[in-house]
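Here's start_27.cif, which has mmCIF, C-alpha atoms:
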```cif
data_start
#
loop_
_atom_site.label_atom_id
_atom_site.label_comp_id
_atom_site.auth_asym_id
_atom_site.auth_seq_id
_atom_site.Cartn_x
_atom_site.Cartn_y
_atom_site.Cartn_z
CA LEU U 1 7.82 -46.69 33.83
CA GLY U 2 10.40 -49.00 35.26
CA ASN U 3 12.44 -50.24 32.31
CA ASP U 4 9.69 -49.39 29.83
CA THR U 5 9.42 -46.19 27.82
CA VAL U 6 5.98 -44.60 27.52
CA THR U 7 5.42 -41.59 25.26
CA VAL U 8 2.36 -39.40 25.76
CA ALA U 9 1.65 -36.74 23.12
CA MET U 10 -1.15 -34.17 23.03
CA ASP U 11 -2.55 -32.46 19.94
CA THR U 12 -4.82 -29.54 20.75
CA GLY U 13 -5.67 -25.90 20.12
CA TYR U 14 -6.54 -25.45 23.82
CA PRO U 15 -7.53 -23.02 25.32
CA PHE U 16 -9.08 -21.77 22.04
CA ASP U 17 -10.37 -25.22 21.12
CA ASP U 18 -12.29 -27.74 23.23
CA THR U 19 -10.75 -31.00 21.99
CA VAL U 20 -7.56 -32.64 23.26
CA LYS U 21 -6.19 -35.68 21.43
CA ILE U 22 -3.98 -37.80 23.69
CA THR U 23 -1.79 -40.42 22.01
CA VAL U 24 0.01 -43.05 24.10
CA ALA U 25 2.84 -45.08 22.59
CA THR U 26 4.79 -47.97 24.17
CA GLN U 27 7.41 -50.47 23.00
CA ARG U 28 5.47 -53.43 24.40
CA SER U 29 2.13 -54.21 26.00
CA PHE U 30 1.84 -53.94 29.79
CA GLN U 31 -0.62 -52.54 32.34
CA PHE U 32 -0.31 -48.91 33.46
CA THR U 33 -2.49 -45.89 34.18
CA VAL U 34 -2.61 -42.56 32.34
CA GLU U 35 -3.97 -39.75 34.53
CA VAL U 36 -5.87 -36.97 32.75
CA ARG U 37 -6.77 -33.77 34.61
CA VAL U 38 -10.37 -32.72 34.01
CA PRO U 39 -10.87 -29.02 34.96
CA VAL U 40 -13.61 -28.15 37.43
CA TRP U 41 -15.39 -26.00 34.83
CA ALA U 42 -15.62 -28.94 32.40
CA GLU U 43 -18.91 -30.21 33.79
CA ASN U 44 -19.85 -31.94 30.53
CA ALA U 45 -16.45 -33.41 29.68
CA THR U 46 -16.10 -36.78 27.97
CA ILE U 47 -13.22 -39.09 27.08
CA ASN U 48 -13.86 -41.23 24.01
CA GLY U 49 -17.52 -40.32 24.32
CA LEU U 50 -17.96 -41.40 27.96
CA PRO U 51 -18.72 -38.84 30.72
CA VAL U 52 -15.91 -38.11 33.19
CA GLN U 53 -15.96 -36.33 36.53
CA ASN U 54 -15.00 -32.67 36.41
CA GLY U 55 -12.48 -31.36 38.94
CA SER U 56 -10.68 -34.70 39.03
CA MET U 57 -7.67 -36.68 37.84
CA HIS U 58 -9.28 -39.32 35.66
CA GLY U 59 -7.38 -42.58 35.43
CA LEU U 60 -7.25 -44.41 32.10
CA ASN U 61 -6.29 -48.09 32.27
CA CYS U 62 -3.85 -48.58 29.43
CA THR U 63 -2.07 -51.67 28.13
CA GLY U 64 -0.13 -50.21 25.22
CA ASN U 65 -0.61 -47.98 22.22
CA ALA U 66 -3.86 -46.03 22.55
CA THR U 67 -5.62 -42.82 21.54
CA TYR U 68 -7.98 -40.87 23.77
CA ILE U 69 -10.14 -37.90 22.79
CA LEU U 70 -10.92 -35.52 25.63
CA GLU U 71 -13.86 -33.25 24.82
CA LEU U 72 -13.99 -30.45 27.40
CA ASN U 73 -17.41 -29.14 26.27
CA PRO U 74 -17.25 -25.93 28.35
CA THR U 75 -20.20 -23.57 28.70
CA LEU U 76 -20.37 -19.83 29.23
CA ARG U 77 -20.29 -18.92 32.90
CA ILE U 78 -20.48 -15.73 34.92
CA GLN U 79 -18.31 -14.81 37.90
CA THR U 80 -19.86 -12.32 40.33
CA TRP U 81 -17.80 -9.65 42.10
CA ASP U 82 -18.39 -6.73 44.50
CA ASN U 83 -21.59 -4.71 44.08
CA GLY U 84 -22.95 -7.33 41.69
CA ALA U 85 -20.35 -6.70 38.97
CA ILE U 86 -19.63 -9.65 36.68
CA SER U 87 -16.95 -11.11 34.41
CA ILE U 88 -17.53 -13.49 31.51
CA HIS U 89 -15.73 -16.83 31.24
CA ARG U 90 -15.69 -19.94 29.09
CA GLY U 91 -13.30 -22.75 29.84
CA ALA U 92 -9.90 -21.38 30.84
CA LEU U 93 -10.55 -18.04 29.13
CA MET U 94 -11.94 -14.79 30.48
CA PHE U 95 -13.53 -12.48 27.91
CA SER U 96 -13.16 -8.69 28.02
CA LEU U 97 -14.07 -5.62 25.96
CA PRO U 98 -10.94 -4.57 23.99
CA LEU U 99 -10.10 -0.86 23.87
CA LYS U 100 -7.79 0.64 21.26
CA PRO U 101 -4.89 2.22 23.17
CA THR U 102 -2.89 5.36 22.51
CA TYR U 103 0.64 5.18 23.96
CA HIS U 104 2.29 8.05 25.80
CA GLU U 105 5.88 7.71 26.98
CA ARG U 106 6.09 9.30 30.43
CA ALA U 107 9.66 8.42 31.47
CA ARG U 108 12.82 6.86 30.01
CA TYR U 109 15.61 5.10 31.88
CA LEU U 110 19.27 4.26 31.20
CA GLY U 111 19.50 4.79 27.50
CA PRO U 112 19.32 7.37 24.70
CA SER U 113 16.47 7.59 22.26
CA ASN U 114 17.06 6.03 18.86
CA SER U 115 14.57 8.31 17.16
CA SER U 116 15.71 10.53 14.32
CA SER U 117 14.51 13.98 13.37
CA SER U 118 12.70 12.45 10.39
CA SER U 119 10.60 10.14 12.55
CA SER U 120 8.17 10.92 15.31
CA SER U 121 8.55 7.43 16.80
CA THR U 122 10.62 7.00 19.94
CA PHE U 123 12.49 3.75 20.58
CA ASN U 124 14.41 3.33 23.81
CA THR U 125 17.38 0.97 24.11
CA GLU U 126 16.69 0.34 27.81
CA SER U 127 13.25 0.87 29.37
CA SER U 128 10.41 3.37 29.52
CA ASP U 129 7.23 4.08 31.43
CA TRP U 130 4.19 4.20 29.18
CA GLU U 131 0.68 5.42 29.82
CA LEU U 132 -2.17 3.94 27.76
CA GLU U 133 -5.30 5.95 27.04
CA THR U 134 -8.30 5.36 24.81
CA THR U 135 -11.06 7.32 23.16
CA ASP U 136 -13.21 4.20 22.79
CA ALA U 137 -16.48 3.92 24.69
CA TRP U 138 -15.99 1.57 27.63
CA ASN U 139 -18.48 2.27 30.44
CA TYR U 140 -21.01 -0.44 29.57
CA ALA U 141 -23.41 -2.47 31.65
CA LEU U 142 -24.25 -5.86 30.17
CA ASP U 143 -27.69 -7.29 29.44
CA VAL U 144 -27.29 -10.78 30.90
CA ASP U 145 -29.36 -13.52 32.39
CA LEU U 146 -27.29 -14.54 35.40
CA ASP U 147 -28.93 -17.95 35.66
CA ASN U 148 -28.82 -18.76 31.94
CA PRO U 149 -25.89 -16.92 30.31
CA ASP U 150 -26.48 -18.64 26.95
CA LEU U 151 -29.78 -16.77 26.61
CA THR U 152 -28.04 -13.39 26.44
CA LEU U 153 -24.44 -14.19 25.45
CA THR U 154 -23.27 -15.99 22.31
CA PHE U 155 -19.94 -17.79 22.00
CA GLU U 156 -18.41 -18.04 18.52
CA GLN U 157 -15.38 -20.01 17.39
CA VAL U 158 -14.23 -17.80 14.53
CA ARG U 159 -11.46 -20.05 13.24
CA ASN U 160 -9.86 -23.42 13.86
CA VAL U 161 -6.69 -23.30 15.98
CA SER U 162 -5.81 -26.98 16.12
CA SER U 163 -2.07 -27.55 16.38
CA SER U 164 -2.43 -29.93 13.45
CA THR U 165 -2.40 -28.37 9.98
CA SER U 166 -5.03 -30.86 8.84
CA GLY U 167 -8.32 -29.09 8.43
CA THR U 168 -6.88 -25.71 9.35
CA PRO U 169 -8.16 -22.83 7.19
CA SER U 170 -5.61 -21.51 4.70
CA SER U 171 -5.63 -18.09 6.37
CA VAL U 172 -4.41 -19.62 9.65
CA THR U 173 -1.27 -21.70 9.90
CA ALA U 174 -0.19 -23.76 12.88
CA ALA U 175 2.94 -21.60 13.11
CA SER U 176 0.92 -18.39 13.36
CA VAL U 177 -1.20 -19.82 16.15
CA THR U 178 1.72 -21.03 18.26
CA SER U 179 3.87 -17.93 17.73
CA ALA U 180 1.15 -15.48 18.77
CA PRO U 181 -1.61 -17.42 20.55
CA PHE U 182 -2.97 -14.24 22.16
CA ASN U 183 -2.79 -11.91 19.19
CA HIS U 184 -4.33 -8.42 19.48
CA THR U 185 -6.44 -8.96 16.35
CA ASP U 186 -7.97 -11.86 14.44
CA TRP U 187 -9.21 -13.50 17.63
CA PRO U 188 -10.00 -17.21 17.22
CA VAL U 189 -12.86 -17.12 19.73
CA VAL U 190 -15.19 -14.30 20.78
CA VAL U 191 -18.34 -13.72 22.80
CA HIS U 192 -21.15 -11.55 21.46
CA ALA U 193 -22.89 -9.49 24.14
CA THR U 194 -25.31 -6.59 24.47
CA GLY U 195 -24.34 -3.56 26.53
CA ARG U 196 -25.65 -0.12 27.49
CA ARG U 197 -23.47 2.87 28.34
CA VAL U 198 -23.88 3.96 31.95
CA SER U 199 -23.91 7.70 32.62
CA GLY U 200 -21.89 8.71 35.64
CA TRP U 201 -19.46 5.80 35.46
CA GLY U 202 -16.19 7.53 34.68
CA ILE U 203 -12.49 7.80 35.42
CA ALA U 204 -11.01 7.89 38.93
CA HIS U 205 -7.30 8.18 39.73
CA GLY U 206 -6.33 7.66 36.10
CA SER U 207 -8.29 4.46 35.65
CA ALA U 208 -11.87 3.25 35.32
CA ASP U 209 -13.78 3.87 38.53
CA GLU U 210 -15.35 0.95 40.36
CA PRO U 211 -18.37 -0.39 38.47
CA PRO U 212 -21.65 1.04 39.73
CA ALA U 213 -23.86 -1.27 41.77
CA SER U 214 -25.98 -3.69 39.78
CA PRO U 215 -28.55 -3.51 38.37
CA ALA U 216 -27.10 -0.29 36.98
CA CYS U 217 -29.91 0.61 34.56
CA SER U 218 -33.08 -0.44 36.34
CA SER U 219 -32.41 0.88 39.84
CA GLY U 220 -32.88 4.56 38.94
CA ALA U 221 -29.44 5.49 40.24
CA HIS U 222 -28.02 5.81 36.71
CA SER U 223 -29.37 6.45 33.26
CA CYS U 224 -28.30 4.10 30.50
CA GLY U 225 -28.12 4.42 26.74
CA ALA U 226 -29.62 2.25 24.05
CA ALA U 227 -28.60 -1.37 23.60
CA GLU U 228 -25.38 -1.85 21.61
CA GLU U 229 -23.79 -5.03 20.29
CA LEU U 230 -20.39 -5.66 21.91
CA LEU U 231 -17.59 -8.04 20.98
CA LEU U 232 -15.74 -9.57 23.93
CA VAL U 233 -12.36 -11.23 23.27
CA PRO U 234 -9.87 -13.30 25.27
CA HIS U 235 -8.54 -11.15 28.10
CA GLY U 236 -4.93 -12.10 27.34
CA SER U 237 -5.33 -10.72 23.80
CA THR U 238 -5.87 -7.16 25.02
CA GLU U 239 -3.58 -4.33 26.04
CA LEU U 240 -6.32 -2.11 27.42
CA ARG U 241 -9.69 -3.55 28.32
CA ILE U 242 -12.75 -3.66 30.54
CA GLY U 243 -13.19 -7.07 32.11
CA GLU U 244 -15.59 -6.33 34.96
CA PHE U 245 -19.05 -5.00 34.13
CA PRO U 246 -22.14 -4.00 36.04
CA VAL U 247 -25.35 -5.82 35.13
CA SER U 248 -27.88 -3.60 33.40
CA GLY U 249 -30.97 -5.32 34.75
CA VAL U 250 -32.46 -5.12 31.23
CA PHE U 251 -32.73 -8.00 28.82
CA ALA U 252 -32.54 -7.01 25.17
CA ARG U 253 -32.80 -10.54 23.75
#
```
Could you render the structure as structure tokens?
Amino acid sequence: LGNDTVTVAMDTGYPFDDTVKITVATQRSFQFTVEVRVPVWAENATINGLPVQNGSMHGLNCTGNATYILELNPTLRIQTWDNGAISIHRGALMFSLPLKPTYHERARYLGPSNSSSSSSSTFNTESSDWELETTDAWNYALDVDLDNPDLTLTFEQVRNVSSSTSGTPSSVTAASVTSAPFNHTDWPVVVHATGRRVSGWGIAHGSADEPPASPACSSGAHSCGAAEELLLVPHGSTELRIGEFPVSGVFAR
């Protein structure tokens, strides 16, 4: 700022953690403003314990070295789509049902295979087209309260993902978090949900058909199975997933 150097550092496990530590360092004391973006979904956000307006750039009057703690305090929320289908969100993350994929190479371009007769694996030096299929059950409707998601969905922070090694469990290092923040296993945050398989919701054109109209289980148009506990994980941590669900119309909790 002018002839003065201001350093702003952030220490956070965002988007898997809700706390952002902002450290401001200067060479001398003078008046300036630090602008902090508060996301629109952070309706209960605070900075150093004081409420701040969501969906805004919050100005912090600073005169020198200072530390600010932004607590995003997000809640579970539901996004509604066509025919009453829903997706599950918390903070910047969308949560989906992960499906274990089986890979099928359908085409190979501009390069020989490196596979040997002693190995069934195929590795291409250029590029390939792959088709992913699954034998996992996927056609679920969710038991949710649209007005109060916390009554039927449970968020769990499984492990600490702070960028600082202080307080981090021994099984998780800062390096492992930053090198693979959207790993396909060992998810740091999950959402527990209840679902029911919907008969008649199947495959169309090689992919999941459009979700049936909600409520899928109480309208009489479809029959649904018994309630099952489902684990939803960050959408970016999946290769194959279901992220849009019909609502069952039944509340199991």
Each side padded by 5 Å, which centre and which edge lengths in Å (one decimal) define the axis-aligned box around the listed atoms of segment 41-56 of chain U? Give them as lines of an AutoDock Vina configuration file.
```
center_x = -15.3
center_y = -33.7
center_z = 31.5
size_x = 19.2
size_y = 25.4
size_z = 25.0
```
Using the chain letters and numbers from this file, what does the PyMOL selection byres ((chain U and resi 224-231) around 7) select? Give the answer as a ChimeraX atom specification.
/U:97,190-199,217,222-223,232-233
Mind dumping the selected residues with C-alpha atoms as a PDB file, keeping the file's coordinate frame?
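Result file follows (again-v5.pdb):
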```pdb
ATOM      1  CA  LEU U  97     -14.070  -5.620  25.960  1.00  0.00           C
ATOM      2  CA  VAL U 190     -15.190 -14.300  20.780  1.00  0.00           C
ATOM      3  CA  VAL U 191     -18.340 -13.720  22.800  1.00  0.00           C
ATOM      4  CA  HIS U 192     -21.150 -11.550  21.460  1.00  0.00           C
ATOM      5  CA  ALA U 193     -22.890  -9.490  24.140  1.00  0.00           C
ATOM      6  CA  THR U 194     -25.310  -6.590  24.470  1.00  0.00           C
ATOM      7  CA  GLY U 195     -24.340  -3.560  26.530  1.00  0.00           C
ATOM      8  CA  ARG U 196     -25.650  -0.120  27.490  1.00  0.00           C
ATOM      9  CA  ARG U 197     -23.470   2.870  28.340  1.00  0.00           C
ATOM     10  CA  VAL U 198     -23.880   3.960  31.950  1.00  0.00           C
ATOM     11  CA  SER U 199     -23.910   7.700  32.620  1.00  0.00           C
ATOM     12  CA  CYS U 217     -29.910   0.610  34.560  1.00  0.00           C
ATOM     13  CA  HIS U 222     -28.020   5.810  36.710  1.00  0.00           C
ATOM     14  CA  SER U 223     -29.370   6.450  33.260  1.00  0.00           C
ATOM     15  CA  LEU U 232     -15.740  -9.570  23.930  1.00  0.00           C
ATOM     16  CA  VAL U 233     -12.360 -11.230  23.270  1.00  0.00           C
TER      17      VAL U 233
END
```
Do a neighbour search on segment 9-25 of chain U at 10 Å with all atoms listed in the file, toss out local chain neighbours closer than 2 positions, and write the hits as a PyMOL selection string.
chain U and resi 5-7+27-29+34+36+42+45-48+62-74+90-93+157-164+174+177-178+181-182+187-190+234
Determine the nearest neighbour of Asp145 of chain U from the options U:Leu76, U:Leu110, U:Leu240, U:Met57, counting all atoms listed in the file.
U:Leu76
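Non-sequential neighbours of Ser56 of chain U (distance at most 8 Å, separation of 5 or more positions within a chain, only C-alpha atoms) are Arg37, Val38, Pro39 and Val40 of chain U.
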Leaving out Ser128 of chain U and any residue of its chain fewer than 6 positions from it, which residues lie within 8 Å of it when counting only C-alpha atoms, given as a PyMOL selection string?
chain U and resi 105-109
Using the chain letters and numbers from the file, which residues does the PyMOL selection byres ((chain U and resi 151) around 12) grab, as a tab-separated table (two decimals) with C-alpha atoms, in the frame of the given file?
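Below is the file expr32.tsv, written as the result:
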```tsv
chain	number	residue	atom	x	y	z
U	75	THR	CA	-20.20	-23.57	28.70
U	76	LEU	CA	-20.37	-19.83	29.23
U	77	ARG	CA	-20.29	-18.92	32.90
U	143	ASP	CA	-27.69	-7.29	29.44
U	144	VAL	CA	-27.29	-10.78	30.90
U	145	ASP	CA	-29.36	-13.52	32.39
U	146	LEU	CA	-27.29	-14.54	35.40
U	147	ASP	CA	-28.93	-17.95	35.66
U	148	ASN	CA	-28.82	-18.76	31.94
U	149	PRO	CA	-25.89	-16.92	30.31
U	150	ASP	CA	-26.48	-18.64	26.95
U	152	THR	CA	-28.04	-13.39	26.44
U	153	LEU	CA	-24.44	-14.19	25.45
U	154	THR	CA	-23.27	-15.99	22.31
U	155	PHE	CA	-19.94	-17.79	22.00
U	192	HIS	CA	-21.15	-11.55	21.46
U	193	ALA	CA	-22.89	-9.49	24.14
U	194	THR	CA	-25.31	-6.59	24.47
U	251	PHE	CA	-32.73	-8.00	28.82
U	252	ALA	CA	-32.54	-7.01	25.17
U	253	ARG	CA	-32.80	-10.54	23.75
```
Would you write out, as a list in words, every residue that the PyMOL selection byres ((chain U and resi 136-138) around 8) captures in this file?
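Selection result, ordered by chain and number: Leu97, Leu99, Lys100, Thr134, Thr135, Asn139, Tyr140, Arg197 and Ile242 of chain U.
Across the structure, atom CA of Thr80 of chain U and atom CA of His235 of chain U are spaced 16.7 Å apart.
The gap separating atom CA of Glu156 of chain U from atom CA of Asp186 of chain U is 12.8 Å, in Å to one decimal.
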Nearest to Ser214 of chain U by atom-to-atom distance, counting all atoms listed in the file, from U:Leu142, U:Gly84, U:Gly236, U:Gly243:
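Nearest candidate to Ser214 of chain U out of U:Leu142, U:Gly84, U:Gly236, U:Gly243: U:Gly84.
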